[in-house]
Amino acid sequence: MDRLLRVTGGFALAFLLVLGVVAVLPRAVQDAVPHAVIGGSVLVLGAVGAQRFSRRPR
């Protein structure tokens, strides 16, 4: 259960991070970036974040 919460937290953090970056971009750039690219970046960042936090100390 702990691992599931960490994975979910990683995806949520990645989602908020990408939304923050997109919000800072100028409007023309926001309109030019396809939604699939934004969704893909959320998945990649979430997977990397979840993998980093789910490792157990040795």
# chains A, B, ... in the order shown; residues from 1 in each chain; ligands from 1
call {"tool": "residues_around", "arguments": {"residues": "A:Leu17", "least_positions_apart": "5", "cutoff": "9 Å", "atoms": "only C-alpha atoms", "output": "PyMOL selection string"}}
result
chain A and resi 12+22+42
call {"tool": "write_last_selection", "arguments": {"atoms": "N, CA and C atoms", "output": "short mmCIF file (atom, residue, chain, number, x, y, z; two decimals), in the first residue's frame"}}
result
data_model
loop_
_atom_site.label_atom_id
_atom_site.label_comp_id
_atom_site.auth_asym_id
_atom_site.auth_seq_id
_atom_site.Cartn_x
_atom_site.Cartn_y
_atom_site.Cartn_z
N ALA A 12 1.21 12.68 -9.19
CA ALA A 12 0.56 13.95 -8.85
C ALA A 12 1.57 15.09 -8.85
N VAL A 22 3.81 24.83 -17.89
CA VAL A 22 2.97 25.24 -19.02
C VAL A 22 2.31 26.59 -18.72
N VAL A 42 4.00 14.19 -18.38
CA VAL A 42 3.51 13.85 -17.04
C VAL A 42 3.77 12.38 -16.73
#
call {"tool": "residues_around", "arguments": {"residues": "A:Val48", "least_positions_apart": "4", "cutoff": "12 Å", "atoms": "only C-alpha atoms", "output": "ChimeraX atom specification"}}
result
/A:6-7,9-11,13-14,41-44,52-55
call {"tool": "write_last_selection", "arguments": {"atoms": "N, CA and C atoms", "output": "PDB file, in the first residue's frame"}}
result
ATOM      1  N   ARG A   6       3.163   6.095  -2.876  1.00  0.00           N
ATOM      2  CA  ARG A   6       4.343   6.787  -3.389  1.00  0.00           C
ATOM      3  C   ARG A   6       4.252   6.979  -4.905  1.00  0.00           C
ATOM      4  N   VAL A   7       3.783   5.964  -5.605  1.00  0.00           N
ATOM      5  CA  VAL A   7       3.631   6.070  -7.057  1.00  0.00           C
ATOM      6  C   VAL A   7       2.586   7.128  -7.394  1.00  0.00           C
ATOM      7  N   GLY A   9       1.682   9.639  -5.560  1.00  0.00           N
ATOM      8  CA  GLY A   9       2.257  10.937  -5.222  1.00  0.00           C
ATOM      9  C   GLY A   9       3.245  11.416  -6.265  1.00  0.00           C
ATOM     10  N   GLY A  10       4.014  10.500  -6.826  1.00  0.00           N
ATOM     11  CA  GLY A  10       4.954  10.862  -7.889  1.00  0.00           C
ATOM     12  C   GLY A  10       4.250  11.377  -9.122  1.00  0.00           C
ATOM     13  N   PHE A  11       3.170  10.707  -9.512  1.00  0.00           N
ATOM     14  CA  PHE A  11       2.406  11.167 -10.669  1.00  0.00           C
ATOM     15  C   PHE A  11       1.725  12.503 -10.386  1.00  0.00           C
ATOM     16  N   LEU A  13       2.743  14.860  -8.322  1.00  0.00           N
ATOM     17  CA  LEU A  13       3.783  15.875  -8.315  1.00  0.00           C
ATOM     18  C   LEU A  13       4.219  16.215  -9.738  1.00  0.00           C
ATOM     19  N   ALA A  14       4.374  15.217 -10.577  1.00  0.00           N
ATOM     20  CA  ALA A  14       4.754  15.459 -11.972  1.00  0.00           C
ATOM     21  C   ALA A  14       3.667  16.239 -12.699  1.00  0.00           C
ATOM     22  N   SER A  41       4.719  13.893 -21.030  1.00  0.00           N
ATOM     23  CA  SER A  41       5.726  14.377 -20.082  1.00  0.00           C
ATOM     24  C   SER A  41       5.290  14.111 -18.647  1.00  0.00           C
ATOM     25  N   VAL A  42       4.003  14.185 -18.383  1.00  0.00           N
ATOM     26  CA  VAL A  42       3.507  13.853 -17.044  1.00  0.00           C
ATOM     27  C   VAL A  42       3.774  12.384 -16.727  1.00  0.00           C
ATOM     28  N   LEU A  43       3.521  11.506 -17.696  1.00  0.00           N
ATOM     29  CA  LEU A  43       3.760  10.077 -17.461  1.00  0.00           C
ATOM     30  C   LEU A  43       5.240   9.776 -17.229  1.00  0.00           C
ATOM     31  N   VAL A  44       6.095  10.381 -18.048  1.00  0.00           N
ATOM     32  CA  VAL A  44       7.533  10.124 -17.909  1.00  0.00           C
ATOM     33  C   VAL A  44       8.049  10.665 -16.582  1.00  0.00           C
ATOM     34  N   ARG A  52      12.244   6.725  -8.316  1.00  0.00           N
ATOM     35  CA  ARG A  52      13.242   7.287  -7.388  1.00  0.00           C
ATOM     36  C   ARG A  52      12.804   7.141  -5.942  1.00  0.00           C
ATOM     37  N   PHE A  53      11.520   7.392  -5.661  1.00  0.00           N
ATOM     38  CA  PHE A  53      11.039   7.346  -4.282  1.00  0.00           C
ATOM     39  C   PHE A  53      10.678   5.950  -3.810  1.00  0.00           C
ATOM     40  N   SER A  54      10.491   5.012  -4.723  1.00  0.00           N
ATOM     41  CA  SER A  54      10.074   3.676  -4.306  1.00  0.00           C
ATOM     42  C   SER A  54      11.251   2.767  -3.967  1.00  0.00           C
ATOM     43  N   ARG A  55      12.467   3.223  -4.242  1.00  0.00           N
ATOM     44  CA  ARG A  55      13.628   2.405  -3.879  1.00  0.00           C
ATOM     45  C   ARG A  55      13.787   2.366  -2.362  1.00  0.00           C
TER      46      ARG A  55
END
call {"tool": "atom_distance", "arguments": {"atom1": "atom CA of A:Val18", "atom2": "atom CA of A:Arg3"}}
result
22.6 Å
call {"tool": "atom_distance", "arguments": {"atom1": "atom CA of A:His35", "atom2": "atom CA of A:Thr8"}}
result
21.1 Å
call {"tool": "select_by_dssp", "arguments": {"residues": "chain A", "states": "helix (DSSP H, G or I)", "output": "VMD selection string"}}
result
chain A and resid 2 to 24 27 to 32 35 to 54
call {"tool": "atom_distance", "arguments": {"atom1": "atom CA of A:Ala36", "atom2": "atom CA of A:Asp2"}}
result
29.7 Å
